[in-house]
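Novice: Coordinates in final.csv, CSV, C-alpha atoms and all ligand atoms, are listed below.
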chain,number,residue,atom,x,y,z
A,1,MET,CA,0.0,0.0,0.0
A,2,SER,CA,1.4,3.4,-1.1
A,3,ARG,CA,2.4,5.9,1.6
A,4,ILE,CA,1.2,9.2,0.2
A,5,GLY,CA,2.4,12.7,1.0
A,6,VAL,CA,0.3,15.7,-0.1
A,7,LEU,CA,1.7,19.2,-0.6
A,8,VAL,CA,-0.8,22.1,-0.2
A,9,SER,CA,-0.8,25.9,0.0
A,10,GLY,CA,-4.4,26.9,0.6
A,11,ARG,CA,-8.0,25.9,0.6
A,12,GLY,CA,-7.3,22.1,0.2
A,13,SER,CA,-10.5,21.0,-1.5
A,14,ASN,CA,-8.4,18.6,-3.6
A,15,LEU,CA,-6.8,17.3,-0.4
A,16,GLN,CA,-10.4,16.8,0.9
A,17,ALA,CA,-11.2,14.8,-2.2
A,18,LEU,CA,-8.2,12.5,-1.5
A,19,ILE,CA,-9.2,12.2,2.2
A,20,ASP,CA,-12.7,11.2,1.2
A,21,ALA,CA,-11.5,8.7,-1.4
A,22,GLN,CA,-9.2,7.2,1.2
A,23,ALA,CA,-12.1,6.9,3.6
A,24,ALA,CA,-14.1,5.1,0.9
A,25,GLY,CA,-11.3,2.7,0.3
A,26,GLN,CA,-10.7,4.2,-3.2
A,27,LEU,CA,-7.3,5.8,-3.0
A,28,GLY,CA,-5.0,2.7,-3.2
A,29,GLY,CA,-2.8,4.2,-0.5
A,30,ARG,CA,-2.7,6.1,2.8
A,31,ILE,CA,-2.0,9.8,3.3
A,32,VAL,CA,0.7,9.8,5.9
A,33,VAL,CA,1.6,13.5,5.9
A,34,VAL,CA,0.3,16.8,4.6
A,35,ILE,CA,2.9,19.6,4.1
A,36,SER,CA,2.0,23.2,3.6
A,37,ASN,CA,4.3,26.1,2.6
A,38,HIS,CA,1.9,28.5,4.3
A,39,ALA,CA,0.7,28.4,8.0
A,40,GLY,CA,-2.9,28.8,8.9
A,41,VAL,CA,-4.5,27.6,5.7
A,42,LEU,CA,-7.8,25.6,5.5
A,43,ALA,CA,-6.0,22.6,4.0
A,44,LEU,CA,-4.1,22.1,7.3
A,45,GLU,CA,-7.4,22.1,9.2
A,46,ARG,CA,-8.8,19.5,6.9
A,47,ALA,CA,-5.8,17.2,7.4
A,48,ALA,CA,-6.0,17.6,11.2
A,49,GLN,CA,-9.7,16.9,11.1
A,50,ALA,CA,-8.9,13.6,9.4
A,51,GLY,CA,-6.1,12.8,11.9
A,52,ILE,CA,-3.3,13.2,9.4
A,53,PRO,CA,0.0,14.6,10.6
A,54,THR,CA,0.8,18.1,9.3
A,55,VAL,CA,4.0,20.0,8.8
A,56,VAL,CA,4.4,23.7,7.9
A,57,LEU,CA,7.6,24.6,6.1
A,58,GLU,CA,7.4,28.3,5.1
A,59,ARG,CA,9.9,30.0,2.8
A,60,GLN,CA,11.0,32.6,5.4
A,61,ALA,CA,12.3,29.9,7.7
A,62,PHE,CA,15.0,29.0,5.2
A,63,ALA,CA,17.9,30.7,3.6
A,64,SER,CA,16.8,29.7,0.1
A,65,ARG,CA,14.0,28.1,-1.8
A,66,GLN,CA,16.2,25.2,-2.4
A,67,ALA,CA,16.8,24.7,1.3
A,68,GLN,CA,13.0,24.9,1.9
A,69,HIS,CA,12.3,22.4,-0.8
A,70,LEU,CA,15.0,20.0,0.4
A,71,ALA,CA,13.4,20.2,3.9
A,72,ILE,CA,10.1,19.2,2.2
A,73,ALA,CA,11.8,16.2,0.6
A,74,GLU,CA,13.4,15.2,3.9
A,75,THR,CA,10.0,15.4,5.6
A,76,LEU,CA,8.4,13.2,2.9
A,77,SER,CA,11.3,10.7,3.3
A,78,ALA,CA,11.1,10.8,7.1
A,79,HIS,CA,7.4,9.7,6.8
A,80,GLY,CA,8.3,6.9,4.4
A,81,VAL,CA,6.4,8.6,1.5
A,82,ASP,CA,6.6,6.9,-1.9
A,83,LEU,CA,4.0,8.9,-3.8
A,84,VAL,CA,3.7,12.7,-3.7
A,85,VAL,CA,0.6,14.7,-4.7
A,86,LEU,CA,0.7,18.4,-5.4
A,87,ALA,CA,-2.8,19.4,-4.5
A,88,GLY,CA,-3.0,23.2,-5.0
A,89,PHE,CA,0.7,23.7,-4.2
A,90,ASP,CA,1.6,27.2,-5.3
A,91,ARG,CA,5.3,26.8,-6.0
A,92,ILE,CA,7.4,25.1,-8.6
A,93,LEU,CA,9.1,22.1,-6.9
A,94,HIS,CA,12.9,22.4,-6.9
A,95,PRO,CA,14.4,20.0,-9.5
A,96,GLU,CA,16.3,18.1,-6.9
A,97,VAL,CA,13.0,17.1,-5.2
A,98,VAL,CA,11.6,16.1,-8.5
A,99,ARG,CA,14.6,13.9,-9.2
A,100,ARG,CA,14.3,12.3,-5.8
A,101,PHE,CA,10.8,11.2,-6.4
A,102,GLN,CA,11.1,10.6,-10.1
A,103,HIS,CA,7.7,9.5,-11.7
A,104,ARG,CA,6.2,9.4,-8.2
A,105,ILE,CA,4.8,13.0,-8.1
A,106,LEU,CA,1.4,13.9,-9.4
A,107,ASN,CA,0.1,17.5,-10.0
A,108,ILE,CA,-3.4,18.7,-10.7
A,109,HIS,CA,-3.6,21.7,-13.1
A,110,PRO,CA,-6.9,23.5,-13.9
A,111,SER,CA,-6.6,23.5,-17.7
A,112,LEU,CA,-6.3,21.0,-20.5
A,113,LEU,CA,-2.5,21.0,-20.7
A,114,PRO,CA,-0.5,22.0,-22.7
A,115,ALA,CA,-2.9,25.0,-22.8
A,116,PHE,CA,-2.3,27.6,-20.1
A,117,ALA,CA,0.7,25.7,-18.7
A,118,GLY,CA,2.5,27.6,-15.9
A,119,SER,CA,-0.4,29.8,-15.1
A,120,LEU,CA,-1.5,30.4,-11.5
A,121,HIS,CA,-5.0,31.5,-12.8
A,122,ALA,CA,-5.6,29.1,-15.7
A,123,GLN,CA,-9.4,29.4,-15.4
A,124,ALA,CA,-9.3,33.2,-15.9
A,125,ASP,CA,-6.8,32.8,-18.7
A,126,ALA,CA,-9.1,30.3,-20.5
A,127,LEU,CA,-12.1,32.6,-20.2
A,128,ALA,CA,-10.1,35.6,-21.4
A,129,TYR,CA,-8.7,33.7,-24.3
A,130,GLY,CA,-12.2,32.6,-25.4
A,131,VAL,CA,-11.7,28.9,-25.5
A,132,LYS,CA,-15.0,26.9,-25.7
A,133,ILE,CA,-13.6,23.9,-23.8
A,134,THR,CA,-11.2,23.8,-20.9
A,135,GLY,CA,-10.9,21.4,-18.0
A,136,CYS,CA,-8.2,19.9,-15.8
A,137,THR,CA,-5.2,17.7,-16.1
A,138,VAL,CA,-3.4,15.3,-13.7
A,139,HIS,CA,0.2,14.8,-14.8
A,140,LEU,CA,3.5,13.3,-13.6
A,141,VAL,CA,5.8,16.1,-12.4
A,142,THR,CA,9.0,16.6,-14.3
A,143,GLU,CA,11.6,19.4,-14.1
A,144,GLU,CA,9.7,21.4,-16.8
A,145,VAL,CA,6.7,23.2,-15.4
A,146,ASP,CA,3.3,21.6,-16.2
A,147,ALA,CA,4.9,19.6,-19.0
A,148,GLY,CA,5.1,16.1,-17.5
A,149,PRO,CA,3.4,13.0,-19.0
A,150,ILE,CA,-0.4,13.3,-18.8
A,151,VAL,CA,-2.2,10.7,-16.7
A,152,LEU,CA,-5.9,11.9,-16.8
A,153,GLN,CA,-7.8,14.8,-18.2
A,154,ALA,CA,-11.4,16.0,-18.0
A,155,ALA,CA,-13.0,18.5,-20.4
A,156,VAL,CA,-15.4,21.2,-19.1
A,157,PRO,CA,-17.4,23.4,-21.5
A,158,VAL,CA,-17.1,27.2,-21.2
A,159,PHE,CA,-20.5,28.9,-21.4
A,160,ASP,CA,-21.2,32.3,-22.9
A,161,ASP,CA,-22.3,33.8,-19.5
A,162,ASP,CA,-19.5,32.1,-17.5
A,163,THR,CA,-17.7,34.0,-14.7
A,164,VAL,CA,-14.3,32.9,-13.5
A,165,GLU,CA,-16.0,31.7,-10.3
A,166,ARG,CA,-18.6,29.5,-12.0
A,167,LEU,CA,-16.1,28.1,-14.5
A,168,SER,CA,-13.6,27.4,-11.7
A,169,GLU,CA,-16.3,25.6,-9.7
A,170,ARG,CA,-17.2,23.3,-12.6
A,171,ILE,CA,-13.5,22.5,-13.3
A,172,LEU,CA,-13.0,21.9,-9.6
A,173,ALA,CA,-15.7,19.2,-9.5
A,174,GLU,CA,-13.8,17.4,-12.2
A,175,GLU,CA,-10.5,17.9,-10.4
A,176,HIS,CA,-12.0,16.2,-7.4
A,177,ARG,CA,-12.9,13.2,-9.5
A,178,ILE,CA,-9.8,12.7,-11.6
A,179,LEU,CA,-7.1,13.4,-8.9
A,180,PRO,CA,-8.0,10.5,-6.6
A,181,GLU,CA,-8.4,8.3,-9.6
A,182,ALA,CA,-4.9,9.2,-10.9
A,183,VAL,CA,-3.5,8.6,-7.4
A,184,ARG,CA,-5.1,5.2,-7.3
A,185,LEU,CA,-3.8,4.3,-10.7
A,186,LEU,CA,-0.2,5.2,-9.8
A,187,ALA,CA,-0.4,3.6,-6.4
A,188,GLU,CA,-1.7,0.4,-7.9
A,189,GLY,CA,1.1,0.3,-10.4
A,190,ARG,CA,-1.2,0.7,-13.4
A,191,LEU,CA,0.7,3.4,-15.2
A,192,ARG,CA,3.3,2.6,-17.8
A,193,LEU,CA,5.4,5.3,-19.5
A,194,GLU,CA,6.0,5.1,-23.2
A,195,GLY,CA,8.0,8.2,-24.1
A,196,ARG,CA,5.7,10.9,-22.8
A,197,ARG,CA,2.6,8.8,-23.3
A,198,VAL,CA,1.1,7.2,-20.2
A,199,GLN,CA,-0.6,3.8,-20.8
A,200,ILE,CA,-3.2,2.8,-18.3
A,201,ASP,CA,-3.8,-0.8,-17.3
A,202,ARG,CA,-7.5,-0.9,-16.3
A,203,SER,CA,-7.8,-4.6,-16.0
A,204,ALA,CA,-9.4,-5.9,-12.8
A,205,ALA,CA,-7.2,-6.3,-9.8
A,206,PRO,CA,-6.2,-9.9,-9.0
A,207,ALA,CA,-8.5,-11.4,-6.4
B,301,LIG,C1,-7.0,23.9,-7.9
B,301,LIG,O1,-8.0,24.5,-8.8
B,301,LIG,C2,-5.8,23.4,-8.6
B,301,LIG,O2,-6.1,22.8,-9.8
B,301,LIG,C3,-5.0,24.7,-8.7
B,301,LIG,O3,-5.2,25.4,-7.5
B,301,LIG,C4,-6.5,25.0,-7.0
B,301,LIG,C5,-6.3,24.5,-5.6
B,301,LIG,O4,-7.5,24.3,-4.9
B,301,LIG,N1,-3.7,24.5,-9.0
B,301,LIG,C6,-2.9,25.2,-9.8
B,301,LIG,O5,-3.3,26.3,-10.3
B,301,LIG,C7,-1.5,24.8,-10.0
B,301,LIG,N2,-0.8,25.5,-11.0
B,301,LIG,P1,-7.6,23.5,-3.6
B,301,LIG,O6,-6.6,24.1,-2.6
B,301,LIG,O7,-9.0,23.7,-3.1
B,301,LIG,O8,-7.3,22.1,-3.9
Give the structure from this file in structure tokens form.
Ligand code: GAR
Specialist:
Amino acid sequence: MSRIGVLVSGRGSNLQALIDAQAAGQLGGRIVVVISNHAGVLALERAAQAGIPTVVLERQAFASRQAQHLAIAETLSAHGVDLVVLAGFDRILHPEVVRRFQHRILNIHPSLLPAFAGSLHAQADALAYGVKITGCTVHLVTEEVDAGPIVLQAAVPVFDDDTVERLSERILAEEHRILPEAVRLLAEGRLRLEGRRVQIDRSAAPA
């Protein structure tokens, strides 16, 4: 069973989706630690409520971003984490951390990548650009931002009278569905990389 570490920065609704999936026996692993780069955020409360250990590692407590991110990696290792989820983490992970957990880090991004890669407000960007379909993507994290192999995507239509809030809400509902599913697929060893294509084994689990 995978030991999962989740990195968060804010509201933590995706973390909540993972917690709920775990409670329903649908995550394929156990969340053993939640790490936030900001103190006092709702995500930390959600973790505490679920009885999951939390750690806060803020940028100002370290001499550099690299030192902060290495402390994040050390904390993950100290908890025996073998699968990392970026669930609304608002920073680009230092390459050394990415290398340490190679092909074991998932990120959720609120667009159909490669559209609006690297954006911290991809929903607003999609609306402003005028696309008719957007959505969300779960991908494996590589050193290039939002460019790792795609595991799952979900499409969401953009309506003429959409606001950023309404569009974000509809995308979020899909995020909450595909993120736990992607975690389960990775945890159960059902992902196989072919170049940058991810092949998914959806055969039934052995009894
Ligand atoms: C989510 O919409 C997630 O896709 C987005 O931040 C939000 C976090 O919400 N992530 C990014 O934009 C990453 N570039 P949450 O804290 O409620 O899960």
Novice: Find the residue from A:Gly88, A:Gly148, A:Pro95, A:Gly135 that sits nearest to A:Leu120; use only C-alpha atoms when measuring.
Specialist: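 Looking only at the distances to A:Leu120, the closest residue turns out to be A:Gly88.
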Novice: Enclose ligand LIG 301 (chain B), meaning all of its atoms listed in the file, in a box aligned along x, y and z, pad it by 4 Å on each side, and list the centre and edge lengths in Å to one decimal, as JSON.
Specialist:
{"center_x": -4.9, "center_y": 24.2, "center_z": -6.8, "size_x": 16.2, "size_y": 12.2, "size_z": 16.4}
Novice: Quick one: residues within 8 Å of A:Leu7, all atoms listed in the file counted, chain neighbours fewer than 4 positions away excluded, as a list of chain:residue names?
Specialist: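 In the requested format, the answer is A:Val34, A:Ile35, A:Ser36, A:Val84, A:Val85, A:Leu86, A:Ala87, A:Gly88, A:Phe89.
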Novice: May I ask which of the residues A:Ala48, A:Val97, A:Leu179, A:Val141 is the closest one to A:Leu27, counting all atoms listed in the file?
Specialist: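 Comparing A:Ala48, A:Val97, A:Leu179, A:Val141 against A:Leu27, the winner is A:Leu179.
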Novice: Taking only C-alpha atoms and all ligand atoms into account, report as a PyMOL selection string which residues have an atom no farther than 10 Å from an atom of ligand LIG 301 (chain B).
Specialist: chain A and resi 7-18+41-43+86-92+107-111+116-123+135-138+145-146+168-169+171-176+179
Novice: Save stretch 79-168 of chain A from what I just supplied, as a PDB file, in the first residue's frame, atoms limited to C-alpha atoms.
Specialist:
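Full text of result37.pdb as output:
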ATOM      1  CA  HIS A  79       7.427   9.734   6.763  1.00  0.00           C
ATOM      2  CA  GLY A  80       8.295   6.938   4.357  1.00  0.00           C
ATOM      3  CA  VAL A  81       6.399   8.588   1.497  1.00  0.00           C
ATOM      4  CA  ASP A  82       6.628   6.873  -1.889  1.00  0.00           C
ATOM      5  CA  LEU A  83       3.958   8.867  -3.753  1.00  0.00           C
ATOM      6  CA  VAL A  84       3.671  12.657  -3.666  1.00  0.00           C
ATOM      7  CA  VAL A  85       0.629  14.703  -4.668  1.00  0.00           C
ATOM      8  CA  LEU A  86       0.741  18.427  -5.402  1.00  0.00           C
ATOM      9  CA  ALA A  87      -2.814  19.439  -4.501  1.00  0.00           C
ATOM     10  CA  GLY A  88      -2.965  23.175  -5.032  1.00  0.00           C
ATOM     11  CA  PHE A  89       0.723  23.663  -4.171  1.00  0.00           C
ATOM     12  CA  ASP A  90       1.559  27.183  -5.347  1.00  0.00           C
ATOM     13  CA  ARG A  91       5.276  26.820  -6.008  1.00  0.00           C
ATOM     14  CA  ILE A  92       7.410  25.051  -8.600  1.00  0.00           C
ATOM     15  CA  LEU A  93       9.124  22.127  -6.914  1.00  0.00           C
ATOM     16  CA  HIS A  94      12.912  22.351  -6.914  1.00  0.00           C
ATOM     17  CA  PRO A  95      14.406  19.981  -9.536  1.00  0.00           C
ATOM     18  CA  GLU A  96      16.318  18.088  -6.860  1.00  0.00           C
ATOM     19  CA  VAL A  97      13.029  17.118  -5.186  1.00  0.00           C
ATOM     20  CA  VAL A  98      11.552  16.139  -8.546  1.00  0.00           C
ATOM     21  CA  ARG A  99      14.560  13.903  -9.218  1.00  0.00           C
ATOM     22  CA  ARG A 100      14.347  12.310  -5.790  1.00  0.00           C
ATOM     23  CA  PHE A 101      10.753  11.205  -6.394  1.00  0.00           C
ATOM     24  CA  GLN A 102      11.078  10.587 -10.118  1.00  0.00           C
ATOM     25  CA  HIS A 103       7.746   9.550 -11.722  1.00  0.00           C
ATOM     26  CA  ARG A 104       6.229   9.418  -8.236  1.00  0.00           C
ATOM     27  CA  ILE A 105       4.835  12.985  -8.108  1.00  0.00           C
ATOM     28  CA  LEU A 106       1.383  13.932  -9.440  1.00  0.00           C
ATOM     29  CA  ASN A 107       0.124  17.470 -10.007  1.00  0.00           C
ATOM     30  CA  ILE A 108      -3.378  18.734 -10.716  1.00  0.00           C
ATOM     31  CA  HIS A 109      -3.638  21.724 -13.052  1.00  0.00           C
ATOM     32  CA  PRO A 110      -6.909  23.540 -13.888  1.00  0.00           C
ATOM     33  CA  SER A 111      -6.600  23.496 -17.689  1.00  0.00           C
ATOM     34  CA  LEU A 112      -6.296  21.028 -20.518  1.00  0.00           C
ATOM     35  CA  LEU A 113      -2.518  20.988 -20.747  1.00  0.00           C
ATOM     36  CA  PRO A 114      -0.523  22.038 -22.672  1.00  0.00           C
ATOM     37  CA  ALA A 115      -2.944  24.972 -22.805  1.00  0.00           C
ATOM     38  CA  PHE A 116      -2.315  27.558 -20.101  1.00  0.00           C
ATOM     39  CA  ALA A 117       0.714  25.748 -18.679  1.00  0.00           C
ATOM     40  CA  GLY A 118       2.536  27.566 -15.904  1.00  0.00           C
ATOM     41  CA  SER A 119      -0.426  29.793 -15.109  1.00  0.00           C
ATOM     42  CA  LEU A 120      -1.540  30.359 -11.535  1.00  0.00           C
ATOM     43  CA  HIS A 121      -4.952  31.502 -12.839  1.00  0.00           C
ATOM     44  CA  ALA A 122      -5.562  29.121 -15.715  1.00  0.00           C
ATOM     45  CA  GLN A 123      -9.361  29.364 -15.414  1.00  0.00           C
ATOM     46  CA  ALA A 124      -9.317  33.165 -15.880  1.00  0.00           C
ATOM     47  CA  ASP A 125      -6.835  32.760 -18.735  1.00  0.00           C
ATOM     48  CA  ALA A 126      -9.128  30.264 -20.469  1.00  0.00           C
ATOM     49  CA  LEU A 127     -12.096  32.607 -20.157  1.00  0.00           C
ATOM     50  CA  ALA A 128     -10.105  35.615 -21.381  1.00  0.00           C
ATOM     51  CA  TYR A 129      -8.691  33.664 -24.327  1.00  0.00           C
ATOM     52  CA  GLY A 130     -12.171  32.615 -25.390  1.00  0.00           C
ATOM     53  CA  VAL A 131     -11.693  28.854 -25.539  1.00  0.00           C
ATOM     54  CA  LYS A 132     -14.963  26.919 -25.704  1.00  0.00           C
ATOM     55  CA  ILE A 133     -13.634  23.897 -23.849  1.00  0.00           C
ATOM     56  CA  THR A 134     -11.213  23.817 -20.944  1.00  0.00           C
ATOM     57  CA  GLY A 135     -10.850  21.401 -18.025  1.00  0.00           C
ATOM     58  CA  CYS A 136      -8.185  19.906 -15.836  1.00  0.00           C
ATOM     59  CA  THR A 137      -5.165  17.668 -16.093  1.00  0.00           C
ATOM     60  CA  VAL A 138      -3.353  15.316 -13.736  1.00  0.00           C
ATOM     61  CA  HIS A 139       0.219  14.771 -14.840  1.00  0.00           C
ATOM     62  CA  LEU A 140       3.477  13.336 -13.620  1.00  0.00           C
ATOM     63  CA  VAL A 141       5.791  16.092 -12.442  1.00  0.00           C
ATOM     64  CA  THR A 142       9.028  16.580 -14.330  1.00  0.00           C
ATOM     65  CA  GLU A 143      11.559  19.383 -14.142  1.00  0.00           C
ATOM     66  CA  GLU A 144       9.724  21.360 -16.814  1.00  0.00           C
ATOM     67  CA  VAL A 145       6.701  23.176 -15.382  1.00  0.00           C
ATOM     68  CA  ASP A 146       3.294  21.581 -16.168  1.00  0.00           C
ATOM     69  CA  ALA A 147       4.892  19.576 -18.979  1.00  0.00           C
ATOM     70  CA  GLY A 148       5.135  16.067 -17.540  1.00  0.00           C
ATOM     71  CA  PRO A 149       3.376  13.005 -18.993  1.00  0.00           C
ATOM     72  CA  ILE A 150      -0.416  13.308 -18.791  1.00  0.00           C
ATOM     73  CA  VAL A 151      -2.227  10.703 -16.697  1.00  0.00           C
ATOM     74  CA  LEU A 152      -5.862  11.874 -16.837  1.00  0.00           C
ATOM     75  CA  GLN A 153      -7.773  14.838 -18.231  1.00  0.00           C
ATOM     76  CA  ALA A 154     -11.383  15.972 -18.016  1.00  0.00           C
ATOM     77  CA  ALA A 155     -13.033  18.460 -20.355  1.00  0.00           C
ATOM     78  CA  VAL A 156     -15.352  21.217 -19.146  1.00  0.00           C
ATOM     79  CA  PRO A 157     -17.388  23.447 -21.498  1.00  0.00           C
ATOM     80  CA  VAL A 158     -17.098  27.220 -21.248  1.00  0.00           C
ATOM     81  CA  PHE A 159     -20.512  28.919 -21.369  1.00  0.00           C
ATOM     82  CA  ASP A 160     -21.156  32.350 -22.871  1.00  0.00           C
ATOM     83  CA  ASP A 161     -22.259  33.796 -19.541  1.00  0.00           C
ATOM     84  CA  ASP A 162     -19.517  32.134 -17.464  1.00  0.00           C
ATOM     85  CA  THR A 163     -17.679  33.970 -14.725  1.00  0.00           C
ATOM     86  CA  VAL A 164     -14.252  32.875 -13.465  1.00  0.00           C
ATOM     87  CA  GLU A 165     -15.965  31.681 -10.269  1.00  0.00           C
ATOM     88  CA  ARG A 166     -18.578  29.533 -12.002  1.00  0.00           C
ATOM     89  CA  LEU A 167     -16.091  28.083 -14.476  1.00  0.00           C
ATOM     90  CA  SER A 168     -13.571  27.357 -11.687  1.00  0.00           C
TER      91      SER A 168
END
